[in-house]
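A short worksheet on the structure shown next.
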Amino acid sequence: MTGEPDLVTGEAVVLELPIAQVASRAAAFAIDVAVQAGALLLFMLALTVSGVTDEALLAALALGFFVLVRVGYSVLFETLGRGITLGKMAMGLRVVRDDGGPVRFRQTLTRALAGAIVDFGPVLAWSAVALFVSLFSPRSKRVGDYLAGTVVIRERAPRTVAPHITMPPALEGWAAQLDLTGLSDELALMARQYLARYAELSDRAREPLGHQLVQDVAARIGAPPPWGVPPWAYLQAVLAERRRRAGGYVGTPGWTPVAAPVVPVAVPQVGASPVVSPPPQVGAQRVVAPSAEVGAPVAAVPVTSPTAEPGEPTPPRGFVPPS
């Protein structure tokens with residue numbers, strides 16, 4: 001998501017994860033507090049009906065259970081649930097390490113102890129320390145997150161509609177000749193997800209990922225992109241051709257053949273005057289037509305290359321970036 005803080009993995013890969021803000025974290029904390037308060041209330045009722053009359057014993061049991069619930073609740077749920085408590089589950093949040101990996105017992109214990117002592121204090125309320133630190137933190141971190149090296153992210157994202165992959169007109173004939181048998185479903189899904197998030201990715205994440213996908217796809221199908229074709233147009237052409245071929249076989253409904261453009265070539269007759277063709281353009285190819293008679297003059301007709309001319313600042317026509 002452009003504009004949101006980035007997480008960097010140990011391999012120096014930028015992860016653009018949606019950071020949970022203070023409001024959603026406060027709502028998740030309120031749910032967790034309600035669960036903890038309910039557990040404390042049930043324990044106090046159990047002590048009341050147990051018949052214990054020693055006030056010192058009652059105070060020790062109450063204090064011990066309070067500390068157990070206050071610290072053990074977060075440690076237990078976040079360790080076993082990989083960063084999820086009941087409140088975070090309800091709000092779609094999760095605690096992860098700064099490198100994007102799952103939290104361990106050491107991180108959850110540090111967060112719980114810092115939350116009980118510094119962030120939220122001895123009472124079950126959102127303290128001014130946690131609120132102040134989270135508001136001025138670029139990743140909405142509290143003191144426990146800084147000490148443990150963790151961050152809270154949003155797992156639930158708005159549902160996006162699958163993009164409609166269209167064939168770039170300039171690559172229609174080229175794509176019809178591709179051999180797509182080596183393209184796996186996993187790689188095709190990665191390319192489709194890249195095109196779906198193309199407008200959301202930042203420039204520093206969009207370009208390297210696009211070139212890497214192009215290299216992977218080209219290695220599978222054995223056809224690198226033509227000169228001047230951007231990565232997204234190359235992936236669009238491959239996916240659109242793959243979808244067209246998956247619609248059916250020859251002669252069945254839904255199968256629409258795509259033929260390469262045919263360039264008419266004039267073949268002179270015997271005795272006719274030679275046909276003078278216009279001079280070929282830069283980057284054009286010469287197509288020699290077979291003569292009907294031996295010794296007949298042959299005309300060379302230039303065929304404009306579908307790729308861009310050298311030095312052309314913009315891609316060929318027909319390329320519409322995915323939105």
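Residues are referred to by chain and number: the chain letter is A, B, ... according to the order shown in the structure tokens, the number counts from 1 in that chain, and ligands are numbered separately from 1 in the order shown.
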Quiz item: Could you pull the residues within 10 Å of Ile165 of chain A, counting only C-alpha atoms, minus those fewer than 5 positions along the same chain, as a VMD selection string?
Solution: chain A and resid 192 195 to 196 235 to 241 243 322
Atoms kept (all heavy atoms) for selection, written as a CSV table (one decimal), in the first residue's frame:
```csv
chain,number,residue,atom,x,y,z
A,192,ARG,N,-1.0,-12.8,-12.4
A,192,ARG,CA,-2.4,-12.2,-12.3
A,192,ARG,C,-2.5,-11.3,-11.0
A,192,ARG,O,-3.1,-10.2,-11.1
A,192,ARG,CB,-3.4,-13.3,-12.3
A,192,ARG,CG,-4.9,-12.8,-12.2
A,192,ARG,CD,-5.9,-13.9,-12.3
A,192,ARG,NE,-5.8,-14.4,-13.6
A,192,ARG,CZ,-6.5,-14.0,-14.7
A,192,ARG,NH1,-7.3,-12.9,-14.5
A,192,ARG,NH2,-6.4,-14.5,-15.8
A,195,LEU,N,-0.7,-8.1,-11.6
A,195,LEU,CA,-1.4,-7.1,-12.4
A,195,LEU,C,-2.6,-6.5,-11.6
A,195,LEU,O,-3.0,-5.4,-11.9
A,195,LEU,CB,-1.9,-7.8,-13.7
A,195,LEU,CG,-0.9,-8.3,-14.7
A,195,LEU,CD1,-1.5,-9.0,-15.8
A,195,LEU,CD2,-0.1,-7.1,-15.2
A,196,ALA,N,-3.2,-7.3,-10.7
A,196,ALA,CA,-4.3,-6.8,-9.9
A,196,ALA,C,-3.8,-5.7,-9.0
A,196,ALA,O,-4.6,-4.8,-8.7
A,196,ALA,CB,-4.9,-8.0,-9.2
A,235,LEU,N,3.1,-9.6,-19.6
A,235,LEU,CA,2.3,-10.5,-18.8
A,235,LEU,C,0.8,-10.6,-19.2
A,235,LEU,O,0.2,-11.6,-19.2
A,235,LEU,CB,2.4,-10.1,-17.3
A,235,LEU,CG,3.9,-10.2,-16.7
A,235,LEU,CD1,3.9,-9.7,-15.3
A,235,LEU,CD2,4.4,-11.6,-16.8
A,236,GLN,N,0.3,-9.4,-19.6
A,236,GLN,CA,-1.1,-9.4,-20.0
A,236,GLN,C,-1.3,-10.2,-21.3
A,236,GLN,O,-2.2,-11.0,-21.4
A,236,GLN,CB,-1.5,-7.9,-20.4
A,236,GLN,CG,-1.9,-7.1,-19.2
A,236,GLN,CD,-2.4,-5.7,-19.6
A,236,GLN,OE1,-2.1,-5.2,-20.6
A,236,GLN,NE2,-3.2,-5.1,-18.7
A,237,ALA,N,-0.3,-10.1,-22.2
A,237,ALA,CA,-0.4,-10.9,-23.4
A,237,ALA,C,-0.4,-12.4,-23.2
A,237,ALA,O,-1.2,-13.2,-23.7
A,237,ALA,CB,0.7,-10.5,-24.4
A,238,VAL,N,0.5,-12.8,-22.3
A,238,VAL,CA,0.7,-14.2,-22.0
A,238,VAL,C,-0.6,-14.8,-21.3
A,238,VAL,O,-1.1,-15.8,-21.6
A,238,VAL,CB,1.9,-14.5,-21.1
A,238,VAL,CG1,2.0,-15.9,-20.7
A,238,VAL,CG2,3.2,-14.1,-21.9
A,239,LEU,N,-1.1,-14.0,-20.3
A,239,LEU,CA,-2.3,-14.5,-19.6
A,239,LEU,C,-3.5,-14.5,-20.4
A,239,LEU,O,-4.4,-15.4,-20.3
A,239,LEU,CB,-2.5,-13.6,-18.3
A,239,LEU,CG,-1.4,-13.7,-17.2
A,239,LEU,CD1,-1.8,-12.8,-16.1
A,239,LEU,CD2,-1.2,-15.2,-16.8
A,240,ALA,N,-3.7,-13.4,-21.3
A,240,ALA,CA,-4.8,-13.4,-22.2
A,240,ALA,C,-4.8,-14.5,-23.2
A,240,ALA,O,-5.9,-15.1,-23.4
A,240,ALA,CB,-4.9,-12.0,-22.9
A,241,GLU,N,-3.7,-14.9,-23.7
A,241,GLU,CA,-3.6,-16.0,-24.6
A,241,GLU,C,-3.8,-17.3,-23.9
A,241,GLU,O,-4.5,-18.2,-24.5
A,241,GLU,CB,-2.2,-16.0,-25.3
A,241,GLU,CG,-2.0,-17.1,-26.3
A,241,GLU,CD,-2.9,-17.0,-27.5
A,241,GLU,OE1,-3.4,-16.0,-27.8
A,241,GLU,OE2,-3.1,-18.1,-28.1
A,243,ARG,N,-5.7,-17.7,-21.3
A,243,ARG,CA,-7.2,-17.8,-21.1
A,243,ARG,C,-7.9,-18.1,-22.3
A,243,ARG,O,-8.9,-18.9,-22.3
A,243,ARG,CB,-7.7,-16.5,-20.5
A,243,ARG,CG,-9.1,-16.4,-20.1
A,243,ARG,CD,-9.6,-15.0,-19.8
A,243,ARG,NE,-9.3,-14.2,-21.0
A,243,ARG,CZ,-9.4,-12.8,-20.9
A,243,ARG,NH1,-9.7,-12.2,-19.7
A,243,ARG,NH2,-9.1,-12.1,-21.9
A,322,PRO,N,-2.5,-1.7,-16.5
A,322,PRO,CA,-3.6,-2.1,-15.6
A,322,PRO,C,-3.8,-1.1,-14.5
A,322,PRO,O,-2.9,-0.5,-14.0
A,322,PRO,CB,-3.0,-3.4,-15.0
A,322,PRO,CG,-1.6,-3.3,-15.2
A,322,PRO,CD,-1.3,-2.5,-16.4
```
Practice problem: For each of A:Leu58, A:Val75, A:Ala175, A:Met91, take the minimum atom-to-atom distance to Ile221 of chain A, counting only C-alpha atoms, then give the residue where this is smallest. | Solution: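 The answer is A:Ala175, which sits nearest to Ile221 of chain A.
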Quiz item: Rounded to one decimal in Å, what is the spacing between atom CA of Gln193 of chain A and atom CA of Gln212 of chain A?
Solution: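 Atom-to-atom, atom CA of Gln193 of chain A to atom CA of Gln212 of chain A, that is 13.8 Å.
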Practice problem: From the DSSP assignment of the backbone, select every residue of segment 14-263 of chain A that is helix (DSSP H, G or I), and format the answer as an MDAnalysis selection string. | Solution: chainID A and resid 22:50 55:80 86:91 105:119 128:135 143:148 169:175 185:196 203:221 231:246
Exercise. May I ask for the distance between atom CA of Gly100 of chain A and atom CA of Ser140 of chain A, given in Å to one decimal place?
Key: 15.4 Å
Quiz prompt | Who sits within 8 Å of Val95 of chain A, only C-alpha atoms, same chain under 6 positions skipped, as a VMD selection string | solution = chain A and resid 78 82 to 84 102 to 103 150 to 153
Exercise. Point out the residue among A:Leu189, A:Ala199, A:Leu183, A:Met167 with the least atom-to-atom distance to Asp216 of chain A, counting only C-alpha atoms.
Key: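 So, comparing all the options, the nearest one is A:Leu183.
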Quiz item: Taking into account only C-alpha atoms, which residue in the set A:Val229, A:Ala90, A:Ala39, A:Leu61 is nearest to Ala170 of chain A?
Solution: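 Of the candidates, the smallest distance to Ala170 of chain A is held by A:Val229.
Put simply, atom CA of Val69 of chain A is 17.7 Å away from atom CA of Gln107 of chain A.
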Exercise. Select from segment 19-209 of chain A everything DSSP, run on the backbone, classes as strand (DSSP E or B), then give the selection as a PyMOL selection string.
Key: chain A and resi 19+93-97+102+150-154
Practice problem: Have a look at A:Ala246, A:Val33, A:Thr108, A:Arg25 and name the one nearest to Leu135 of chain A; count only C-alpha atoms. | Solution: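 For Leu135 of chain A, the nearest of the given residues is A:Arg25.
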